[in-house]
>>> print(open('data00.txt').read())   # compact mmCIF, C-alpha atoms
# COMPACT_ATOMS: atom_id res chain seq x y z
CA MET X 157 66.80 88.40 100.11
CA SER X 158 64.27 88.77 102.88
CA GLN X 159 65.14 88.21 106.53
CA GLN X 160 62.78 85.21 106.50
CA ARG X 161 64.62 83.59 103.58
CA THR X 162 68.01 84.32 105.21
CA ALA X 163 66.91 82.51 108.38
CA GLU X 164 66.09 79.39 106.34
CA VAL X 165 69.64 78.99 105.03
CA THR X 166 71.47 76.45 107.16
CA GLU X 167 75.15 76.44 108.08
CA ALA X 168 75.60 73.28 106.02
CA GLU X 169 74.20 75.02 102.93
CA ILE X 170 76.72 77.81 103.40
CA ALA X 171 79.64 75.53 104.27
CA VAL X 172 79.32 73.56 101.04
CA HIS X 173 80.63 76.62 99.17
CA TRP X 174 83.68 77.18 101.37
CA GLN X 175 85.94 74.87 99.36
CA GLU X 176 85.06 76.36 96.00
CA GLU X 177 88.08 77.88 94.30
CA ALA X 178 88.61 79.51 90.96
CA HIS X 179 91.51 81.28 89.29
CA ILE X 180 90.44 84.60 87.84
CA HIS X 181 93.20 86.18 85.79
CA PRO X 182 93.04 89.98 85.91
CA PRO X 183 93.36 92.04 82.72
CA LYS X 184 96.89 92.84 81.56
CA GLU X 185 96.20 96.55 82.04
CA PHE X 186 95.37 95.94 85.67
CA VAL X 187 98.51 93.90 86.22
CA ALA X 188 100.68 96.52 84.54
CA GLN X 189 99.63 99.29 86.93
CA ALA X 190 100.46 97.29 90.07
CA ASN X 191 103.17 98.55 92.43
CA LEU X 192 104.73 95.11 92.54
CA THR X 193 105.52 93.78 89.06
CA ASP X 194 109.17 92.84 89.51
CA LYS X 195 109.45 89.03 89.52
CA THR X 196 112.79 89.21 91.33
CA VAL X 197 110.88 90.09 94.53
CA PHE X 198 110.99 86.41 95.54
CA ASP X 199 114.77 86.47 95.37
CA ARG X 200 115.07 89.80 97.13
CA PHE X 201 112.92 88.61 100.04
CA SER X 202 114.31 85.09 100.26
CA LEU X 203 115.62 83.69 103.55
CA ASP X 204 119.14 84.17 102.22
CA ASN X 205 118.55 87.94 102.24
CA PHE X 206 116.83 88.10 105.64
CA PRO X 207 116.73 90.49 107.49
CA ASP X 208 118.37 93.06 105.21
CA CYS X 209 115.59 92.65 102.66
CA PHE X 210 113.31 94.64 104.96
CA LYS X 211 115.42 97.72 104.44
CA GLU X 212 113.31 98.04 101.29
CA TYR X 213 110.23 98.58 103.45
CA ALA X 214 111.98 100.97 105.83
CA ASN X 215 113.24 103.06 102.91
CA LEU X 216 109.63 103.93 102.07
CA LEU X 217 109.62 106.12 105.19
CA ASP X 218 111.33 109.37 106.17
CA TRP X 219 113.87 108.92 108.96
CA TYR X 220 115.56 111.57 111.09
CA ARG X 221 118.47 109.16 111.46
CA THR X 222 119.15 105.97 109.54
CA TRP X 223 119.46 102.79 111.59
CA ASP X 224 122.74 101.06 112.41
CA VAL X 225 121.46 97.48 112.66
CA THR X 226 118.49 96.11 110.71
CA LEU X 227 117.64 93.37 113.22
CA ASP X 228 119.21 92.74 116.63
CA THR X 229 118.50 89.22 117.90
CA SER X 230 120.91 89.31 120.83
CA THR X 231 118.22 89.31 123.54
CA PRO X 232 115.52 86.86 122.42
CA PRO X 233 112.58 86.93 122.36
CA PHE X 234 112.84 90.74 122.25
CA TRP X 235 113.83 91.25 118.65
CA LYS X 236 114.89 94.81 117.86
CA TRP X 237 114.29 96.25 114.41
CA PHE X 238 116.20 99.16 112.83
CA VAL X 239 118.27 99.78 115.95
CA GLY X 240 119.74 103.28 116.12
CA GLY X 241 117.20 104.75 113.73
CA ARG X 242 115.04 107.73 114.74
CA ILE X 243 111.59 108.38 113.29
CA ASN X 244 108.14 109.78 114.05
CA ALA X 245 104.94 108.05 112.94
CA SER X 246 102.83 111.21 112.87
CA TYR X 247 105.32 112.96 110.61
CA ASN X 248 105.35 110.03 108.20
CA CYS X 249 101.55 109.80 108.08
CA VAL X 250 100.77 113.50 107.82
CA ASP X 251 103.56 116.08 107.47
CA ARG X 252 105.53 114.53 104.64
CA HIS X 253 102.45 114.36 102.41
CA LEU X 254 101.76 118.11 102.58
CA ALA X 255 104.17 119.12 99.82
CA ARG X 256 102.27 117.13 97.18
CA TYR X 257 98.88 116.37 98.71
CA LYS X 258 97.92 119.11 101.16
CA ASN X 259 94.70 119.93 99.27
CA LYS X 260 93.86 116.29 98.68
CA THR X 261 91.30 114.48 100.82
CA ALA X 262 92.88 112.28 103.48
CA ILE X 263 89.67 111.07 105.13
CA HIS X 264 86.17 110.54 103.78
CA PHE X 265 83.99 110.14 106.87
CA VAL X 266 80.71 108.42 106.04
CA PRO X 267 78.64 108.87 109.20
CA GLU X 268 75.79 106.94 110.63
CA PRO X 269 72.98 107.86 110.01
CA GLU X 270 73.56 108.09 106.26
CA ARG X 271 71.32 111.13 105.90
CA GLU X 272 74.10 113.21 107.45
CA ALA X 273 76.62 114.86 105.15
CA ILE X 274 79.87 113.09 104.35
CA GLN X 275 82.91 114.87 105.77
CA HIS X 276 85.99 115.35 103.59
CA ILE X 277 89.16 116.16 105.54
CA THR X 278 92.21 117.21 103.54
CA TYR X 279 95.79 116.43 104.50
CA GLN X 280 96.24 120.11 105.40
CA GLU X 281 93.21 120.07 107.69
CA LEU X 282 94.38 116.77 109.17
CA TYR X 283 97.77 118.36 109.89
CA VAL X 284 96.13 121.35 111.62
CA ARG X 285 93.82 119.20 113.74
CA VAL X 286 96.52 116.73 114.76
CA ASN X 287 98.77 119.58 115.86
CA GLU X 288 96.03 121.26 117.90
CA VAL X 289 95.15 118.01 119.69
CA ALA X 290 98.84 117.35 120.33
CA ALA X 291 99.16 120.81 121.89
CA LEU X 292 96.16 120.09 124.12
CA LEU X 293 97.54 116.75 125.25
CA ARG X 294 100.94 118.25 126.02
CA ASP X 295 100.00 121.57 127.61
CA PHE X 296 96.57 120.87 129.12
CA CYS X 297 97.12 117.26 130.21
CA GLY X 298 100.87 117.42 130.77
CA LEU X 299 101.49 114.31 128.67
CA LYS X 300 105.00 113.59 127.46
CA LYS X 301 107.00 110.91 125.68
CA GLY X 302 106.48 107.51 127.25
CA ASP X 303 103.18 108.35 129.00
CA ARG X 304 100.19 106.14 128.28
CA VAL X 305 96.64 107.14 127.38
CA THR X 306 93.61 104.95 126.75
CA LEU X 307 91.23 105.78 123.90
CA HIS X 308 87.66 104.44 123.93
CA LEU X 309 86.38 105.95 120.71
CA PRO X 310 84.06 104.83 117.90
CA MET X 311 84.82 105.01 114.18
CA VAL X 312 84.87 108.79 113.78
CA PRO X 313 87.60 111.12 112.43
CA GLU X 314 88.48 112.17 115.97
CA LEU X 315 89.91 108.70 116.56
CA PRO X 316 92.76 108.74 113.98
CA ILE X 317 93.34 112.43 114.72
CA THR X 318 93.84 111.67 118.43
CA MET X 319 96.05 108.66 117.71
CA LEU X 320 98.30 110.66 115.39
CA ALA X 321 98.48 113.47 117.97
CA CYS X 322 99.69 110.96 120.55
CA ALA X 323 102.29 109.62 118.14
CA ARG X 324 103.48 113.16 117.47
CA LEU X 325 104.38 113.52 121.15
CA GLY X 326 105.73 110.01 121.67
CA VAL X 327 102.75 109.27 123.93
CA ILE X 328 101.78 105.59 123.87
CA HIS X 329 98.10 105.05 123.10
CA SER X 330 95.82 102.07 123.62
CA GLN X 331 92.62 102.09 121.56
CA VAL X 332 89.77 100.03 123.05
CA PHE X 333 87.04 98.89 120.66
CA SER X 334 84.05 101.15 121.29
CA GLY X 335 81.70 98.21 121.74
CA PHE X 336 83.61 96.98 124.79
CA SER X 337 82.24 97.66 128.26
CA GLY X 338 83.43 100.12 130.88
CA LYS X 339 84.92 97.24 132.88
CA ALA X 340 86.85 95.98 129.85
CA THR X 341 88.18 99.51 129.34
CA ALA X 342 89.16 99.71 133.00
CA ASP X 343 91.20 96.50 132.72
CA ARG X 344 93.23 98.04 129.93
CA ILE X 345 93.60 101.36 131.73
CA ALA X 346 94.92 99.62 134.83
CA ASP X 347 97.29 97.31 132.96
CA SER X 348 98.82 100.15 130.92
CA GLU X 349 98.74 102.60 133.88
CA SER X 350 97.22 105.25 131.64
CA ARG X 351 97.07 108.84 132.86
CA VAL X 352 94.18 109.99 130.66
CA LEU X 353 91.06 108.45 129.11
CA ILE X 354 89.79 109.93 125.84
CA THR X 355 86.23 109.02 124.90
CA MET X 356 83.06 110.38 123.23
CA ASP X 357 79.70 111.42 124.64
CA ALA X 358 77.62 109.27 122.27
CA TYR X 359 77.74 107.55 118.90
CA TYR X 360 75.45 105.75 116.49
CA ARG X 361 75.30 101.99 116.23
CA GLY X 362 72.61 100.18 114.28
CA GLY X 363 70.58 103.36 113.95
CA GLU X 364 70.58 104.15 117.68
CA LEU X 365 72.48 106.98 119.37
CA LEU X 366 74.17 105.17 122.26
CA ASN X 367 75.21 106.76 125.54
CA HIS X 368 78.95 106.14 125.49
CA LYS X 369 79.97 108.46 128.33
CA GLU X 370 78.42 106.18 130.95
CA LYS X 371 81.12 103.60 130.13
CA ALA X 372 83.81 106.17 130.96
CA ASP X 373 82.40 106.60 134.48
CA ILE X 374 82.44 102.85 135.01
CA ALA X 375 85.98 102.62 133.62
CA PHE X 376 87.18 105.36 135.95
CA GLU X 377 85.75 103.71 139.06
CA GLU X 378 86.85 100.19 138.16
CA ALA X 379 90.40 101.28 137.28
CA ALA X 380 90.62 103.13 140.61
CA LYS X 381 89.76 99.87 142.40
CA GLU X 382 92.80 98.33 140.69
CA GLY X 383 95.04 101.15 141.91
CA VAL X 384 95.14 103.36 138.80
CA ARG X 385 93.36 106.71 139.09
CA LEU X 386 92.95 108.68 135.88
CA GLU X 387 93.96 112.32 136.00
CA LYS X 388 91.50 113.47 133.33
CA VAL X 389 88.68 112.18 131.14
CA LEU X 390 88.52 113.98 127.80
CA VAL X 391 85.17 113.76 126.00
CA TRP X 392 84.75 114.40 122.29
CA GLN X 393 81.26 115.54 121.24
CA ARG X 394 79.57 113.55 118.47
CA TYR X 395 77.91 116.82 117.52
CA PRO X 396 80.27 119.73 118.30
CA GLY X 397 78.58 122.28 120.50
CA ARG X 398 76.01 119.82 121.81
CA TYR X 399 76.40 117.29 124.61
CA SER X 400 74.60 114.11 123.53
CA SER X 401 74.99 111.94 126.62
CA LYS X 402 72.52 111.54 129.49
CA THR X 403 75.46 110.96 131.85
CA PRO X 404 76.57 114.23 133.45
CA LEU X 405 80.14 115.48 133.40
CA VAL X 406 82.16 115.23 136.60
CA GLU X 407 83.52 118.65 137.51
CA GLY X 408 87.30 118.84 137.68
CA ARG X 409 87.73 115.45 136.01
CA ASP X 410 85.78 115.48 132.74
CA PHE X 411 86.50 118.00 129.99
CA ILE X 412 84.86 118.52 126.60
CA MET X 413 87.60 118.22 123.99
CA ASN X 414 85.80 120.46 121.51
CA GLU X 415 85.72 123.30 124.07
CA VAL X 416 89.26 122.92 125.41
CA LEU X 417 90.64 122.84 121.87
CA LEU X 418 89.58 126.46 121.40
CA MET X 419 92.56 127.43 123.56
CA PHE X 420 94.95 125.69 121.15
CA ARG X 421 93.84 127.07 117.80
CA HIS X 422 96.67 127.44 115.26
CA ARG X 423 99.19 125.74 117.56
CA ARG X 424 101.98 123.73 115.96
CA ILE X 425 103.94 120.98 117.68
CA ASP X 426 107.20 119.64 116.30
CA PRO X 427 107.16 115.84 116.04
CA VAL X 428 109.28 114.14 118.70
CA GLU X 429 112.17 112.14 117.25
CA MET X 430 111.54 108.60 118.47
CA PRO X 431 114.08 105.78 118.59
CA ALA X 432 112.85 103.06 116.25
CA GLU X 433 112.54 100.64 119.16
CA ASP X 434 110.41 102.93 121.33
CA PRO X 435 106.76 101.88 121.71
CA LEU X 436 104.16 103.39 119.39
CA PHE X 437 101.02 101.85 120.88
CA LEU X 438 99.56 98.99 122.91
CA MET X 439 97.02 96.61 121.41
CA TYR X 440 95.15 94.26 123.74
CA THR X 441 93.68 90.89 122.89
CA SER X 442 89.92 90.60 123.25
CA GLY X 443 90.07 88.65 126.53
CA THR X 444 87.65 86.01 125.27
CA THR X 445 89.64 83.17 126.85
CA GLY X 446 91.16 85.01 129.80
CA LYS X 447 92.70 88.27 130.89
CA PRO X 448 93.50 90.53 127.91
CA LYS X 449 97.15 90.40 126.85
CA GLY X 450 98.78 93.70 125.96
CA CYS X 451 101.02 93.71 122.88
CA GLN X 452 103.53 96.54 122.60
CA HIS X 453 104.28 97.61 119.03
CA SER X 454 107.54 99.41 118.39
CA THR X 455 107.66 102.40 116.06
CA GLY X 456 110.23 101.67 113.34
CA GLY X 457 109.64 98.01 112.57
CA TYR X 458 105.87 98.21 112.76
CA LEU X 459 105.64 101.36 110.62
CA SER X 460 108.01 99.92 108.03
CA TYR X 461 105.98 96.76 107.60
CA VAL X 462 102.73 98.70 107.31
CA ALA X 463 104.33 100.88 104.62
CA GLY X 464 105.62 97.87 102.70
CA THR X 465 102.43 95.84 102.82
CA SER X 466 100.28 98.88 102.01
CA LYS X 467 102.24 99.57 98.86
CA TYR X 468 103.15 96.11 97.61
CA ILE X 469 100.74 93.57 99.09
CA GLN X 470 97.56 95.66 99.08
CA ASP X 471 98.78 97.67 96.09
CA ILE X 472 97.51 101.00 97.40
CA HIS X 473 98.25 103.95 95.11
CA PRO X 474 98.23 107.64 96.13
CA GLU X 475 95.28 108.29 93.82
CA ASP X 476 93.19 105.49 95.34
CA VAL X 477 90.23 105.69 97.65
CA TYR X 478 90.93 102.93 100.14
CA TRP X 479 88.56 101.28 102.57
CA CYS X 480 89.51 98.88 105.35
CA MET X 481 86.40 97.30 106.86
CA ALA X 482 88.08 96.47 110.18
CA ASP X 483 87.46 98.62 113.25
CA ILE X 484 90.44 100.69 114.38
CA GLY X 485 90.16 98.84 117.69
CA TRP X 486 91.69 95.82 115.91
CA ILE X 487 95.20 95.57 114.52
CA THR X 488 94.16 95.60 110.85
CA GLY X 489 92.13 98.78 111.14
CA HIS X 490 94.82 100.30 113.32
CA SER X 491 97.44 99.67 110.66
CA TYR X 492 95.66 100.28 107.40
CA ILE X 493 93.20 103.05 108.31
CA VAL X 494 95.26 105.31 110.57
CA LEU X 495 98.80 104.93 109.24
CA TRP X 496 98.86 107.02 106.05
CA THR X 497 102.31 105.86 104.97
CA VAL X 498 100.98 105.85 101.40
CA GLY X 499 99.24 109.09 100.43
CA ALA X 500 95.85 107.57 99.56
CA ARG X 501 92.40 108.64 100.72
CA ARG X 502 90.83 106.61 103.53
CA LEU X 503 87.20 105.84 104.14
CA VAL X 504 86.24 106.01 107.81
CA GLY X 505 82.82 105.02 109.07
CA ARG X 506 81.02 102.68 111.41
CA VAL X 507 79.87 99.55 109.63
CA ARG X 508 77.91 97.20 111.81
CA GLY X 509 78.66 93.56 111.11
CA ALA X 510 75.04 92.38 111.16
CA PRO X 511 74.21 90.79 107.78
CA HIS X 512 70.92 92.69 107.40
CA LEU X 513 72.93 95.92 107.46
CA SER X 514 75.77 94.76 105.23
CA ARG X 515 74.43 96.82 102.32
CA ARG X 516 75.71 99.90 104.19
CA GLY X 517 79.27 98.72 103.62
CA ALA X 518 78.64 98.35 99.90
CA SER X 519 77.04 101.79 99.89
CA MET X 520 80.11 103.34 101.54
CA ALA X 521 82.46 101.82 99.00
CA HIS X 522 80.23 102.65 96.03
CA ARG X 523 79.53 106.25 97.01
CA ARG X 524 83.22 107.03 97.40
CA ARG X 525 84.23 104.87 94.39
CA ALA X 526 86.68 102.85 96.47
CA ARG X 527 89.25 101.14 94.24
CA ARG X 528 91.06 99.35 97.07
CA GLN X 529 89.24 97.46 99.79
CA TYR X 530 90.56 95.30 102.60
CA LEU X 531 87.90 93.21 104.30
CA SER X 532 89.46 92.10 107.53
CA HIS X 533 87.77 90.36 110.44
CA VAL X 534 85.00 92.45 111.89
CA ALA X 535 84.33 91.72 115.53
CA ASP X 536 80.99 93.03 116.64
CA SER X 537 78.63 92.55 119.53
CA ASP X 538 76.31 90.48 117.38
CA THR X 539 78.72 88.72 115.02
CA SER X 540 81.74 86.48 115.27
CA ALA X 541 85.07 86.99 113.53
CA SER X 542 84.93 86.24 109.81
CA PRO X 543 87.90 85.34 107.57
CA CYS X 544 89.88 88.29 106.29
CA ARG X 545 90.00 88.65 102.55
CA ALA X 546 91.79 91.10 100.33
CA ARG X 547 89.65 92.27 97.44
CA ARG X 548 90.28 94.73 94.66
CA ALA X 549 87.69 96.10 92.27
CA GLY X 550 86.88 93.67 89.49
CA GLU X 551 88.37 90.61 91.19
CA ILE X 552 86.87 87.67 93.02
CA PRO X 553 88.15 87.44 96.63
CA SER X 554 91.26 85.31 96.91
CA PRO X 555 91.86 82.72 99.68
CA LEU X 556 93.08 83.92 103.06
CA GLN X 557 96.70 85.01 103.16
CA THR X 558 98.62 85.99 106.26
CA TYR X 559 101.83 87.96 106.67
CA ASP X 560 104.13 88.43 109.62
CA HIS X 561 104.59 91.97 110.89
CA GLY X 562 108.18 93.19 110.60
CA GLY X 563 108.43 94.58 114.10
CA ARG X 564 108.90 93.38 117.65
CA THR X 565 105.90 93.40 119.91
CA HIS X 566 105.83 92.26 123.48
CA ARG X 567 103.77 92.37 126.63
CA ALA X 568 104.86 95.04 129.10
CA GLY X 569 105.31 92.31 131.71
CA GLY X 570 107.80 90.45 129.53
CA MET X 571 105.82 87.92 127.50
CA ALA X 572 106.79 88.10 123.85
CA MET X 573 104.29 88.12 121.03
CA VAL X 574 105.26 88.50 117.39
CA LEU X 575 102.35 89.39 115.11
>>> encode(input="data00.txt", output="structure tokens")
Amino acid sequence: MSQQRTAEVTEAEIAVHWQEEAHIHPPKEFVAQANLTDKTVFDRFSLDNFPDCFKEYANLLDWYRTWDVTLDTSTPPFWKWFVGGRINASYNCVDRHLARYKNKTAIHFVPEPEREAIQHITYQELYVRVNEVAALLRDFCGLKKGDRVTLHLPMVPELPITMLACARLGVIHSQVFSGFSGKATADRIADSESRVLITMDAYYRGGELLNHKEKADIAFEEAAKEGVRLEKVLVWQRYPGRYSSKTPLVEGRDFIMNEVLLMFRHRRIDPVEMPAEDPLFLMYTSGTTGKPKGCQHSTGGYLSYVAGTSKYIQDIHPEDVYWCMADIGWITGHSYIVLWTVGARRLVGRVRGAPHLSRRGASMAHRRRARRQYLSHVADSDTSASPCRARRAGEIPSPLQTYDHGGRTHRAGGMAMVL
């Protein structure tokens, strides 16, 4: 359809189709291979069995120590899941898959522009890179359990690698959507009192290589005005060995990650045993209607629910190629792209939400033969949020379904939010 024809379609012409529904029954063979075929699931997860039913999700993970209490409701609204348990998210997403899947691809990175080669990162390579970044964060930046860092990274492999390195150390990360401004990043830096900002020199968006480093300079200055002065700014290079930003580095403050990492080759960092109730990351609201609200996600409950919904609700199998269309800056992408609780292969790439570029998304899925797709809301500079839909190959999208996360999240200042 041409751009001219697209412009002629009115909202009313589109809206008339919104209420259309149809029941498409999948083939018996497709149903038979699903992870969730036991009809007693409705009884197992009934209110009568709450909260102990969620032990089933937690048992999908590897724990250093099993929990004593499944859900502690003694101090509402701060619900505590799997109290007494000890776990590490990085170990569960990377290390435990090595025995069976170390030579299997963990990430297919489909870059923009498409003429560039697709990167295939195995679980073994992911393990090596996560460990080296964790060593850098610990020994070069001095970061330790409980410290906060802000990430302002686009959809590139360095983003999940950095997040998993933080989780390995017990460092709390806050990923800011790459399309947000330097001022928006500064607000989140100041609120979380982050010690380090991790960003990228440049990245592609809509065919243009954007200067991303300039936002880091703005973020640094604006956060300082609010009383939080970053110790370091770490800059990943979009093209290793080449600085692609027109904004110069600030001596003594800015460091090229690709260069500093050379000092940490072959380093291995043992995962830190984290109490299940310790924070894993902060996720901020967009701030559309006011100051962004920071939601703190605990490690055990959040990771358990991601594991359960990945396996049973989205029906992800280890042999699948899985693509979540959401940006990692949003909670859906955060959960279902980065957290490899199920040993499937993930597609990572920047998909702009503009309709005239939507064929790129189809190309990504087709080229990697994605069998599992999760089309969540895609917030972009030129589009609004669209309904999230779960779609599997060969099926028509089903109506919107929502699920509560099985973990306590709350604002650092005390306001409770359960997602």
>>> atom_distance(input="data00.txt", atom1="CA of Leu282 in chain X", atom2="CA of Ala358 in chain X")
22.6 Å
>>> closest_residue(input="data00.txt", among="X:Ile345, X:Val197, X:Met439, X:Val165", to="His490 in chain X", atoms="all atoms listed in the file")
X:Met439
>>> closest_residue(input="data00.txt", among="X:Gly338, X:Asp357, X:Leu309, X:Ala432", to="Asp224 in chain X", atoms="all atoms listed in the file")
X:Ala432
>>> closest_residue(input="data00.txt", among="X:Arg256, X:Val286, X:Pro267, X:Leu192", to="Gly362 in chain X", atoms="all atoms listed in the file")
X:Pro267
>>> atom_distance(input="data00.txt", atom1="CA of Lys211 in chain X", atom2="CA of Val225 in chain X")
10.2 Å
>>> closest_residue(input="data00.txt", among="X:Leu299, X:Lys449, X:Leu417, X:Val494", to="Ser466 in chain X", atoms="all atoms listed in the file")
X:Val494
>>> residues_around(input="data00.txt", residues="Leu436 in chain X", least_positions_apart="2", cutoff="7 Å", atoms="all atoms listed in the file", output="list in words")
Ala323, Ile328, Asp434, His453, Ser454 and Thr455 of chain X
>>> atom_distance(input="data00.txt", atom1="CA of Ser337 in chain X", atom2="CA of Ser401 in chain X")
16.1 Å
>>> closest_residue(input="data00.txt", among="X:Asp295, X:Asp208, X:Asp483, X:Glu415", to="Gly335 in chain X", atoms="all atoms listed in the file")
X:Asp483
>>> residues_around(input="data00.txt", residues="Ala214 in chain X", least_positions_apart="2", cutoff="10 Å", atoms="all atoms listed in the file", output="PDB file with C-alpha atoms, in the frame of the given file")
ATOM      1  CA  CYS X 209     115.590  92.650 102.660  1.00  0.00           C
ATOM      2  CA  PHE X 210     113.310  94.640 104.960  1.00  0.00           C
ATOM      3  CA  LYS X 211     115.420  97.720 104.440  1.00  0.00           C
ATOM      4  CA  GLU X 212     113.310  98.040 101.290  1.00  0.00           C
ATOM      5  CA  LEU X 216     109.630 103.930 102.070  1.00  0.00           C
ATOM      6  CA  LEU X 217     109.620 106.120 105.190  1.00  0.00           C
ATOM      7  CA  ASP X 218     111.330 109.370 106.170  1.00  0.00           C
ATOM      8  CA  TRP X 219     113.870 108.920 108.960  1.00  0.00           C
ATOM      9  CA  THR X 222     119.150 105.970 109.540  1.00  0.00           C
ATOM     10  CA  TRP X 223     119.460 102.790 111.590  1.00  0.00           C
ATOM     11  CA  THR X 226     118.490  96.110 110.710  1.00  0.00           C
ATOM     12  CA  PHE X 238     116.200  99.160 112.830  1.00  0.00           C
ATOM     13  CA  GLY X 456     110.230 101.670 113.340  1.00  0.00           C
ATOM     14  CA  GLY X 457     109.640  98.010 112.570  1.00  0.00           C
ATOM     15  CA  TYR X 458     105.870  98.210 112.760  1.00  0.00           C
ATOM     16  CA  LEU X 459     105.640 101.360 110.620  1.00  0.00           C
ATOM     17  CA  SER X 460     108.010  99.920 108.030  1.00  0.00           C
ATOM     18  CA  TYR X 461     105.980  96.760 107.600  1.00  0.00           C
ATOM     19  CA  VAL X 462     102.730  98.700 107.310  1.00  0.00           C
ATOM     20  CA  ALA X 463     104.330 100.880 104.620  1.00  0.00           C
ATOM     21  CA  GLY X 464     105.620  97.870 102.700  1.00  0.00           C
ATOM     22  CA  GLY X 562     108.180  93.190 110.600  1.00  0.00           C
TER      23      GLY X 562
END
>>> closest_residue(input="data00.txt", among="X:Tyr283, X:Tyr360, X:Tyr395, X:Tyr492", to="Arg423 in chain X", atoms="all atoms listed in the file")
X:Tyr283
>>> residues_around(input="data00.txt", residues="Leu325 in chain X", least_positions_apart="2", cutoff="12 Å", atoms="all atoms listed in the file", output="JSON, numbers by chain")
{"X": [243, 244, 245, 246, 247, 286, 287, 288, 289, 290, 291, 292, 293, 294, 295, 298, 299, 300, 301, 302, 303, 304, 305, 318, 319, 320, 321, 322, 323, 327, 328, 329, 424, 425, 426, 427, 428, 429, 430, 435, 436]}
>>> residues_around(input="data00.txt", residues="His368 in chain X", least_positions_apart="2", cutoff="8 Å", atoms="all atoms listed in the file", output="JSON, numbers by chain")
{"X": [355, 356, 357, 358, 359, 366, 370, 371, 372, 401]}
>>> write_last_selection(input="data00.txt", atoms="C-alpha atoms", output="compact mmCIF listing (two decimals), in the coordinates of the input")
# COMPACT_ATOMS: atom_id res chain seq x y z
CA THR X 355 86.23 109.02 124.90
CA MET X 356 83.06 110.38 123.23
CA ASP X 357 79.70 111.42 124.64
CA ALA X 358 77.62 109.27 122.27
CA TYR X 359 77.74 107.55 118.90
CA LEU X 366 74.17 105.17 122.26
CA GLU X 370 78.42 106.18 130.95
CA LYS X 371 81.12 103.60 130.13
CA ALA X 372 83.81 106.17 130.96
CA SER X 401 74.99 111.94 126.62
